[in-house]
Structure formats: structure tokens, C-alpha cells
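Visitor: Structure file input.tsv (TSV, C-alpha atoms) is given on the next line.
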chain	number	residue	atom	x	y	z
R	1	MET	CA	0.00	0.00	0.00
R	2	THR	CA	1.31	3.46	-0.91
R	3	LYS	CA	1.99	5.56	2.12
R	4	MET	CA	0.25	8.94	2.06
R	5	PRO	CA	2.66	11.84	2.38
R	6	ALA	CA	2.63	13.62	5.69
R	7	ILE	CA	0.76	16.91	5.85
R	8	SER	CA	2.90	19.74	7.14
R	9	SER	CA	1.75	21.67	10.16
R	10	SER	CA	1.34	24.87	8.10
R	11	VAL	CA	-0.88	23.11	5.53
R	12	ARG	CA	-2.85	21.48	8.32
R	13	ARG	CA	-3.46	24.88	9.94
R	14	ALA	CA	-4.57	26.34	6.60
R	15	LEU	CA	-7.01	23.50	6.00
R	16	LEU	CA	-8.44	23.82	9.48
R	17	ALA	CA	-8.81	27.56	9.07
R	18	SER	CA	-10.56	27.11	5.74
R	19	ALA	CA	-12.95	24.52	7.18
R	20	SER	CA	-13.65	26.74	10.18
R	21	ALA	CA	-14.42	29.69	7.88
R	22	GLY	CA	-16.83	27.56	5.85
R	23	MET	CA	-18.59	26.33	8.99
R	24	LEU	CA	-18.76	29.90	10.30
R	25	LEU	CA	-20.36	31.09	7.05
R	26	LEU	CA	-23.00	28.35	7.25
R	27	ALA	CA	-23.68	29.23	10.86
R	28	MET	CA	-23.94	32.97	10.22
R	29	PRO	CA	-27.21	34.65	11.17
R	30	GLY	CA	-29.11	36.18	8.24
R	31	ALA	CA	-27.80	39.74	8.64
R	32	ALA	CA	-24.17	38.62	8.86
R	33	LEU	CA	-24.51	36.35	5.84
R	34	ALA	CA	-25.97	39.19	3.77
R	35	GLN	CA	-23.06	41.42	4.81
R	36	ALA	CA	-20.49	38.77	3.81
R	37	TRP	CA	-22.00	38.65	0.33
R	38	PRO	CA	-21.01	39.49	-2.39
R	39	SER	CA	-17.47	38.20	-2.43
R	40	LYS	CA	-16.95	38.64	-6.20
R	41	PRO	CA	-18.55	40.43	-9.19
R	42	VAL	CA	-22.31	40.05	-9.61
R	43	ARG	CA	-23.46	39.06	-13.08
R	44	ILE	CA	-26.85	40.21	-14.38
R	45	VAL	CA	-28.04	38.11	-17.31
R	46	VAL	CA	-30.56	40.00	-19.46
R	47	ASN	CA	-32.49	37.49	-21.54
R	48	PHE	CA	-33.45	40.01	-24.24
R	49	PRO	CA	-31.30	42.06	-26.65
R	50	PRO	CA	-29.52	45.37	-26.01
R	51	GLY	CA	-32.00	48.25	-26.22
R	52	SER	CA	-34.95	46.12	-25.09
R	53	SER	CA	-36.92	47.27	-22.04
R	54	PRO	CA	-35.31	44.66	-19.72
R	55	ASP	CA	-31.88	45.81	-20.93
R	56	VAL	CA	-32.70	49.50	-20.35
R	57	LEU	CA	-33.93	48.70	-16.84
R	58	ALA	CA	-30.92	46.53	-15.98
R	59	ARG	CA	-28.54	49.31	-16.99
R	60	ALA	CA	-30.49	51.89	-15.01
R	61	ILE	CA	-30.11	49.75	-11.88
R	62	SER	CA	-26.60	48.35	-12.38
R	63	GLN	CA	-24.43	51.37	-11.51
R	64	PRO	CA	-26.12	52.31	-8.22
R	65	LEU	CA	-26.34	48.60	-7.33
R	66	GLN	CA	-22.59	48.27	-7.91
R	67	GLN	CA	-21.98	51.18	-5.53
R	68	ALA	CA	-24.27	49.62	-2.91
R	69	LEU	CA	-22.68	46.16	-3.08
R	70	GLY	CA	-19.05	47.24	-3.37
R	71	GLN	CA	-18.44	44.76	-6.20
R	72	PRO	CA	-18.56	45.13	-10.00
R	73	VAL	CA	-21.98	44.48	-11.54
R	74	ILE	CA	-21.64	43.05	-15.03
R	75	ILE	CA	-24.47	42.91	-17.57
R	76	GLU	CA	-24.54	40.05	-20.05
R	77	ASN	CA	-27.18	39.90	-22.80
R	78	ARG	CA	-28.20	36.34	-23.64
R	79	ALA	CA	-31.23	36.75	-25.87
R	80	GLY	CA	-33.20	34.19	-27.83
R	81	ALA	CA	-36.07	31.70	-27.63
R	82	SER	CA	-38.47	34.23	-26.04
R	83	GLY	CA	-36.08	34.78	-23.15
R	84	MET	CA	-35.52	31.10	-22.40
R	85	ILE	CA	-31.80	31.02	-23.28
R	86	GLY	CA	-30.83	33.58	-20.66
R	87	ALA	CA	-33.32	32.28	-18.10
R	88	GLU	CA	-31.96	28.75	-18.43
R	89	ALA	CA	-28.41	30.00	-17.88
R	90	VAL	CA	-29.44	31.59	-14.59
R	91	ALA	CA	-31.65	28.69	-13.50
R	92	LYS	CA	-28.63	26.38	-13.79
R	93	ALA	CA	-26.09	28.78	-12.23
R	94	PRO	CA	-24.76	28.36	-8.67
R	95	ALA	CA	-27.28	29.62	-6.12
R	96	ASP	CA	-24.80	31.89	-4.37
R	97	GLY	CA	-26.27	35.29	-5.21
R	98	HIS	CA	-23.62	36.18	-7.77
R	99	THR	CA	-25.80	35.48	-10.83
R	100	LEU	CA	-29.12	37.22	-11.39
R	101	LEU	CA	-31.68	37.26	-14.18
R	102	MET	CA	-33.26	40.49	-15.39
R	103	THR	CA	-36.27	39.48	-17.45
R	104	ALA	CA	-39.40	40.72	-19.12
R	105	GLY	CA	-42.45	39.49	-17.27
R	106	SER	CA	-43.63	37.51	-20.30
R	107	ALA	CA	-40.78	35.01	-19.97
R	108	ILE	CA	-42.23	34.04	-16.60
R	109	THR	CA	-45.97	34.55	-17.07
R	110	THR	CA	-46.66	33.38	-20.63
R	111	ASN	CA	-43.89	31.03	-21.80
R	112	PRO	CA	-45.10	28.10	-19.65
R	113	PHE	CA	-48.49	28.27	-21.39
R	114	ILE	CA	-47.11	28.62	-24.91
R	115	TYR	CA	-44.29	26.09	-25.04
R	116	ALA	CA	-44.97	22.38	-24.57
R	117	SER	CA	-41.54	21.94	-22.98
R	118	MET	CA	-39.02	24.29	-21.44
R	119	PRO	CA	-35.44	23.67	-20.25
R	120	TYR	CA	-36.29	24.95	-16.76
R	121	ASP	CA	-39.30	25.34	-14.46
R	122	THR	CA	-40.14	28.98	-13.77
R	123	GLU	CA	-41.55	28.12	-10.33
R	124	LYS	CA	-39.04	25.51	-9.16
R	125	ASP	CA	-35.77	26.72	-10.70
R	126	LEU	CA	-36.00	30.50	-10.24
R	127	THR	CA	-36.81	32.58	-7.18
R	128	PRO	CA	-38.23	36.15	-7.31
R	129	VAL	CA	-35.87	38.84	-6.04
R	130	ALA	CA	-37.24	42.27	-6.88
R	131	ALA	CA	-39.68	43.91	-9.26
R	132	VAL	CA	-38.28	46.86	-11.19
R	133	ALA	CA	-41.00	48.29	-13.40
R	134	ARG	CA	-44.49	47.71	-14.67
R	135	ILE	CA	-44.36	47.95	-18.45
R	136	VAL	CA	-47.54	49.55	-19.66
R	137	LEU	CA	-48.77	49.13	-23.22
R	138	PHE	CA	-50.29	52.07	-25.07
R	139	LEU	CA	-53.05	51.58	-27.63
R	140	GLU	CA	-52.07	53.69	-30.64
R	141	ALA	CA	-53.67	54.14	-34.05
R	142	LYS	CA	-52.32	55.49	-37.30
R	143	ALA	CA	-52.94	59.20	-37.68
R	144	SER	CA	-55.28	58.76	-40.66
R	145	LEU	CA	-57.75	56.49	-38.86
R	146	PRO	CA	-61.04	58.46	-38.56
R	147	VAL	CA	-61.31	58.31	-34.77
R	148	LYS	CA	-60.27	60.82	-32.13
R	149	ASP	CA	-60.49	58.79	-28.92
R	150	ALA	CA	-60.79	55.27	-27.52
R	151	LYS	CA	-64.59	55.17	-27.47
R	152	GLU	CA	-64.78	56.18	-31.14
R	153	PHE	CA	-62.08	53.63	-31.94
R	154	LEU	CA	-63.98	50.76	-30.31
R	155	ALA	CA	-67.19	51.77	-32.08
R	156	TYR	CA	-65.38	52.02	-35.42
R	157	LEU	CA	-63.73	48.64	-34.86
R	158	LYS	CA	-67.09	47.04	-34.09
R	159	ALA	CA	-68.71	48.64	-37.15
R	160	ASN	CA	-65.95	47.40	-39.46
R	161	PRO	CA	-65.35	43.73	-38.61
R	162	GLY	CA	-62.28	42.30	-40.29
R	163	LYS	CA	-61.38	45.57	-42.03
R	164	LEU	CA	-58.74	46.74	-39.56
R	165	SER	CA	-55.38	45.16	-38.79
R	166	TYR	CA	-53.06	45.39	-35.83
R	167	ALA	CA	-49.31	44.86	-35.63
R	168	SER	CA	-47.39	42.93	-33.00
R	169	ALA	CA	-43.80	41.98	-32.25
R	170	GLY	CA	-44.57	38.38	-33.24
R	171	ASN	CA	-46.88	35.50	-32.44
R	172	ALA	CA	-47.41	34.90	-28.72
R	173	THR	CA	-45.63	38.12	-27.70
R	174	GLY	CA	-47.17	40.47	-25.15
R	175	LEU	CA	-48.28	42.79	-27.95
R	176	HIS	CA	-50.10	39.92	-29.65
R	177	LEU	CA	-51.77	38.88	-26.39
R	178	ALA	CA	-52.94	42.46	-25.81
R	179	GLY	CA	-54.60	42.49	-29.22
R	180	GLU	CA	-56.33	39.19	-28.53
R	181	MET	CA	-57.51	40.46	-25.14
R	182	LEU	CA	-59.00	43.49	-26.89
R	183	LYS	CA	-60.79	41.34	-29.47
R	184	SER	CA	-62.11	39.00	-26.78
R	185	GLN	CA	-63.37	41.66	-24.35
R	186	ALA	CA	-64.74	44.07	-26.96
R	187	GLY	CA	-66.29	41.34	-29.10
R	188	VAL	CA	-64.59	42.58	-32.27
R	189	TYR	CA	-62.40	41.15	-35.00
R	190	ALA	CA	-59.21	42.59	-36.48
R	191	LEU	CA	-56.45	40.94	-38.50
R	192	HIS	CA	-53.26	40.16	-36.59
R	193	VAL	CA	-50.06	41.03	-38.49
R	194	PRO	CA	-47.00	39.64	-36.68
R	195	TYR	CA	-43.53	41.16	-37.18
R	196	ARG	CA	-40.09	40.16	-35.99
R	197	GLY	CA	-39.89	42.68	-33.21
R	198	SER	CA	-41.75	45.80	-32.14
R	199	ALA	CA	-39.57	48.21	-34.13
R	200	PRO	CA	-40.62	46.98	-37.61
R	201	ALA	CA	-44.23	46.78	-36.39
R	202	LEU	CA	-44.04	50.43	-35.37
R	203	GLN	CA	-42.54	51.43	-38.72
R	204	ASP	CA	-45.44	49.90	-40.63
R	205	LEU	CA	-47.92	51.61	-38.32
R	206	LEU	CA	-46.23	54.94	-39.07
R	207	ALA	CA	-46.38	54.12	-42.79
R	208	GLY	CA	-50.09	53.33	-42.52
R	209	GLN	CA	-49.70	49.67	-43.51
R	210	VAL	CA	-51.53	48.56	-40.36
R	211	ASP	CA	-54.21	50.37	-38.36
R	212	PHE	CA	-53.31	50.03	-34.69
R	213	PHE	CA	-50.69	48.73	-32.31
R	214	PHE	CA	-50.14	48.07	-28.62
R	215	ASP	CA	-46.95	50.05	-28.04
R	216	PRO	CA	-44.50	49.05	-25.27
R	217	GLY	CA	-43.24	52.65	-25.24
R	218	ILE	CA	-41.05	52.89	-28.32
R	219	GLY	CA	-43.59	54.94	-30.29
R	220	LEU	CA	-44.28	57.66	-27.72
R	221	THR	CA	-41.98	60.17	-29.40
R	222	HIS	CA	-44.13	59.82	-32.52
R	223	VAL	CA	-47.24	60.37	-30.41
R	224	ARG	CA	-45.76	63.61	-29.12
R	225	ALA	CA	-44.97	64.61	-32.71
R	226	ASP	CA	-48.61	63.94	-33.73
R	227	LYS	CA	-47.56	61.18	-36.12
R	228	LEU	CA	-49.59	58.59	-34.16
R	229	ARG	CA	-52.79	58.88	-32.15
R	230	LEU	CA	-52.62	57.67	-28.55
R	231	LEU	CA	-56.06	56.29	-27.65
R	232	ALA	CA	-55.76	54.55	-24.30
R	233	VAL	CA	-53.52	52.98	-21.70
R	234	ALA	CA	-53.76	49.17	-21.60
R	235	GLY	CA	-53.42	48.96	-17.84
R	236	MET	CA	-55.43	49.66	-14.71
R	237	ARG	CA	-53.92	53.09	-14.03
R	238	ARG	CA	-53.34	56.12	-16.20
R	239	SER	CA	-49.78	56.89	-17.22
R	240	ALA	CA	-48.02	59.73	-15.40
R	241	ALA	CA	-46.57	60.71	-18.79
R	242	PHE	CA	-50.07	61.08	-20.32
R	243	PRO	CA	-52.44	61.83	-17.43
R	244	ASN	CA	-55.31	62.88	-19.73
R	245	VAL	CA	-55.35	59.58	-21.64
R	246	PRO	CA	-57.89	57.10	-20.18
R	247	THR	CA	-57.36	53.42	-19.55
R	248	LEU	CA	-59.29	50.82	-21.52
R	249	ASP	CA	-60.93	49.91	-18.23
R	250	GLU	CA	-62.33	53.44	-18.02
R	251	VAL	CA	-63.84	53.32	-21.51
R	252	GLY	CA	-65.72	50.10	-20.92
R	253	LEU	CA	-63.33	47.13	-21.07
R	254	LYS	CA	-63.49	46.37	-17.36
R	255	GLY	CA	-60.36	44.90	-15.81
R	256	PHE	CA	-58.34	45.22	-19.03
R	257	ASP	CA	-54.67	44.93	-18.10
R	258	ALA	CA	-52.00	43.98	-20.61
R	259	GLY	CA	-49.10	45.12	-18.44
R	260	GLN	CA	-46.07	43.05	-17.51
R	261	THR	CA	-43.77	43.43	-14.52
R	262	HIS	CA	-40.07	43.23	-15.35
R	263	GLY	CA	-37.76	42.24	-12.55
R	264	PHE	CA	-34.89	40.28	-11.09
R	265	TYR	CA	-34.74	36.56	-10.33
R	266	ALA	CA	-32.04	34.32	-8.84
R	267	PRO	CA	-31.40	30.58	-9.03
R	268	ALA	CA	-33.64	28.62	-6.67
R	269	GLY	CA	-31.88	27.98	-3.38
R	270	THR	CA	-30.18	31.38	-3.22
R	271	PRO	CA	-29.89	32.21	0.51
R	272	ALA	CA	-32.88	34.19	1.77
R	273	PRO	CA	-30.73	36.88	3.47
R	274	VAL	CA	-29.05	37.59	0.11
R	275	VAL	CA	-32.41	37.79	-1.68
R	276	GLU	CA	-33.75	40.10	1.03
R	277	ARG	CA	-30.75	42.41	0.84
R	278	LEU	CA	-30.99	42.61	-2.94
R	279	ASN	CA	-34.68	43.42	-2.63
R	280	ARG	CA	-33.95	46.24	-0.17
R	281	GLU	CA	-31.13	47.70	-2.27
R	282	ILE	CA	-33.12	47.60	-5.51
R	283	ASN	CA	-36.18	49.16	-3.90
R	284	ARG	CA	-33.97	51.95	-2.53
R	285	ILE	CA	-32.47	52.51	-5.98
R	286	LEU	CA	-35.94	52.66	-7.57
R	287	ALA	CA	-36.71	55.69	-5.38
R	288	MET	CA	-33.79	57.65	-6.85
R	289	PRO	CA	-35.12	60.50	-9.06
R	290	ALA	CA	-32.60	59.82	-11.84
R	291	VAL	CA	-33.53	56.13	-11.98
R	292	LYS	CA	-37.27	56.88	-11.93
R	293	THR	CA	-36.76	59.27	-14.84
R	294	GLN	CA	-34.92	56.62	-16.85
R	295	ILE	CA	-37.75	54.18	-16.25
R	296	GLU	CA	-40.38	56.72	-17.26
R	297	THR	CA	-38.63	57.40	-20.58
R	298	ILE	CA	-39.84	54.00	-21.81
R	299	GLY	CA	-43.38	54.63	-20.57
R	300	ALA	CA	-42.92	52.38	-17.54
R	301	GLU	CA	-43.50	52.90	-13.83
R	302	ALA	CA	-41.08	51.96	-11.05
R	303	THR	CA	-42.59	49.23	-8.88
R	304	PRO	CA	-40.82	48.73	-5.54
R	305	LEU	CA	-42.33	45.59	-4.02
R	306	THR	CA	-41.43	43.08	-1.34
R	307	VAL	CA	-40.37	39.64	-2.53
R	308	GLN	CA	-43.79	38.22	-1.64
R	309	GLN	CA	-45.67	41.07	-3.32
R	310	PHE	CA	-43.62	40.54	-6.48
R	311	ALA	CA	-44.41	36.82	-6.45
R	312	THR	CA	-48.13	37.56	-6.02
R	313	VAL	CA	-48.20	40.02	-8.94
R	314	MET	CA	-46.51	37.50	-11.20
R	315	ALA	CA	-48.92	34.74	-10.16
R	316	ASP	CA	-51.88	36.99	-10.96
R	317	ASP	CA	-50.40	37.89	-14.37
R	318	SER	CA	-49.77	34.22	-15.14
R	319	LYS	CA	-53.39	33.37	-14.38
R	320	ARG	CA	-54.71	36.14	-16.62
R	321	TYR	CA	-52.42	35.43	-19.55
R	322	GLY	CA	-52.84	31.70	-19.25
R	323	ALA	CA	-56.60	32.15	-19.63
R	324	ILE	CA	-56.35	34.28	-22.80
R	325	ILE	CA	-53.75	31.96	-24.35
R	326	LYS	CA	-56.04	29.00	-23.80
R	327	GLU	CA	-59.18	30.81	-24.98
R	328	ARG	CA	-57.61	32.16	-28.17
R	329	GLN	CA	-55.45	29.06	-28.77
R	330	ILE	CA	-52.33	31.15	-29.16
R	331	LYS	CA	-49.14	29.41	-30.25
R	332	ALA	CA	-45.59	30.56	-30.82
R	333	ASP	CA	-43.93	30.46	-34.24
For the file at hand, write its structure as C-alpha cells.
Guide:
Amino acid sequence: MTKMPAISSSVRRALLASASAGMLLLAMPGAALAQAWPSKPVRIVVNFPPGSSPDVLARAISQPLQQALGQPVIIENRAGASGMIGAEAVAKAPADGHTLLMTAGSAITTNPFIYASMPYDTEKDLTPVAAVARIVLFLEAKASLPVKDAKEFLAYLKANPGKLSYASAGNATGLHLAGEMLKSQAGVYALHVPYRGSAPALQDLLAGQVDFFFDPGIGLTHVRADKLRLLAVAGMRRSAAFPNVPTLDEVGLKGFDAGQTHGFYAPAGTPAPVVERLNREINRILAMPAVKTQIETIGAEATPLTVQQFATVMADDSKRYGAIIKERQIKAD
């Protein structure tokens, strides 16, 4: 039998010290554990492309979060498959608080109802950390459409079944679901024209190739320039940016809410004290005037919530979107 080499006293002391440190970390009370973290850079995976609303929000949060944590905060865009590529990467990352997901709400609330199989379970493999913003959709029509407000638009749509078309960012996207919710609740029919992204959909609306569009905020500059007509907010509250524009709920479509909450998630099993500290820091950052202004530029509203409140909002959204997906038999491309 080969004799194991003797361990020197210095190595033995180092090993014992390392083991003691590990045991101490495990035994730390919540507050102390949160203070010991982070011990290295924190990576934020954004599961949508640069310039998307999740990307804009992640970058608005990252710099003040870096200052709060005392470690570099690195943003990595991993887009594709309706957000599933980036979400999978985070779901399978070590649950040590050093990898976070910044995602559009749709990747959590609608993907499970649209895709027969997914490489991760949104409920079992990811844990909510903090909401960032409620993305509100704006119902906009081309300038030449002969209506001046939402009530006239709904009446015109009902009087012209099948003659109007609406653009979306693609099949099964939030913009598509909003259009289907409108058709279902108003009892109307309009042709769905899917595009590969919201930008080309907006361009064809501006060109008059389609009649209306649920805008995630990218067309608001054209509204202000009178190139598009803003008819209503597709959420339960009016937008601070357009306080005189009613919600669809106010004009008769009771309970109409096509909003999505974008926010941060961590791998399941991330220590609760770390999640709680992140939630506190992000909520504090959301109160900063400069950050609130950045969020408002995309027509969104900062939403500081507790971890449990965030989870409840997402569960409610999932229930609502799951129902419309089933009713309208919506499928992805």
C-alpha cells in the first residue's frame, strides 16, 4: 500500500482555518450572511437584446447597485427563444447570489403556457428577487384612422369587422396577447399582423400599412410629434406621462390589463438573506429621481415591491395570460 505523504503543520493549519471559515459562514445569522455577500462580481443576465426594455432597466439599476454592493456588476445579454436562453443559464447557475436574471415578465408569465416543454421550471428553478417596473402598453392608431379617442375607436372597430389590422412583435408576444384580449373583451375582430420585433411593427404603423398597435413605449416620441394617435392605456392606471389619456378599463373594457412586470430573479436555493438584501437595495435605488426618470422614458413605472408582493403580482399575471392563451389558442412560431 502506498503511504500517504505527511501533511505539514502549516498546511494542516490552513485546511483547518478554511474549514472553520466555511462552517462559520454556514452558521452565520441572516444579517451577517448578507453582509459577507457578495465576495466577487455580480453578473446580471438579461435574456433580451440590447436596447430592449429589460436591458434599459438593468442598466439603469446596475451602476447604483454596484456602488451599494461594493463589487462590479456586469451585464450580459443572452437573448433568444423568447427569453428562455438567458433564463436557463441563470436557473442552472450556482445559487450563491452572484448570478441574477433580469427578465421581461412575459418570460415568466406566458412562456409556460405557450411552449410544450421548457429547459427549466419557472416556479421551481428561479426565485423572485425584486420587481423593477411595470411595463404599460399604449393603444395607438395610425394618424389617418377616422377616430379621435378610444370610445370612437372601439365603435369604429365594431362597425368594421375584419377591415382593420393590428401589428405585433410576433406571435405569442405580449403585444399579440394584448390584441387578442381586446378582441375578446370588446367582441370585435381585427387581423393580426406579426412582425419580428416591435420596431418593424411600429414602422409599418407609421407608414399606414396597419391600423393600430399596442406600443411598449417605443412609439411615444411619434405620439408627441402627432404622427400617431394615442387612444388609451392598456393597464389599470393612467400613465403619469399622459395623465389625460384614459385606460381601456375606463372606456368600458373592465379589468383590461395587458401590463407586464419586469424584474430580477435568482437561481432557486439562493440564501434568503441575500435575496432580502438585494430586494432592499433595488427598492432603494428605484426611489432615486434619476432612476425613476430613466424608467419613465420607456413609458414604464417603477414598482418597488417586497419579494412576496412581487411573487403575487406575477402569479396573478400568469393566471390572466394563461386564460387568454387557452381561450384564443395562441401558439408561438
Visitor: Set the distance at 10 Å and use all atoms listed in the file: which residues neighbour range 162-170 of chain R once local chain neighbours fewer than 6 positions away are removed? I'd like the list as a ChimeraX atom specification.
Guide: /R:140-141,145,156,176-179,188-205,209-216,332-333
Visitor: Could you please determine the separation between CA of Lys331 in chain R and CA of Thr173 in chain R in Å, to one decimal place?
Guide: 9.7 Å
Visitor: Which of these, R:Glu276, R:Ala93, R:Asn77, R:Ser184, has the shortest distance to Trp37 in chain R once you count only C-alpha atoms?
Guide: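 Answer, going by the shortest atom-to-atom distance: R:Glu276.
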Visitor: Enter the distance from CA of Gly255 in chain R to CA of Leu175 in chain R, in Å, rounded to one decimal.
Guide: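 Calculated distance between CA of Gly255 in chain R and CA of Leu175 in chain R is 17.3 Å.
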Visitor: Using all atoms listed in the file, can you list as an MDAnalysis selection string the residues within 9 Å of (-57.2, 44.7, -18.9)?
Guide: chainID R and resid 178 181:182 185 234:236 247:249 253:259
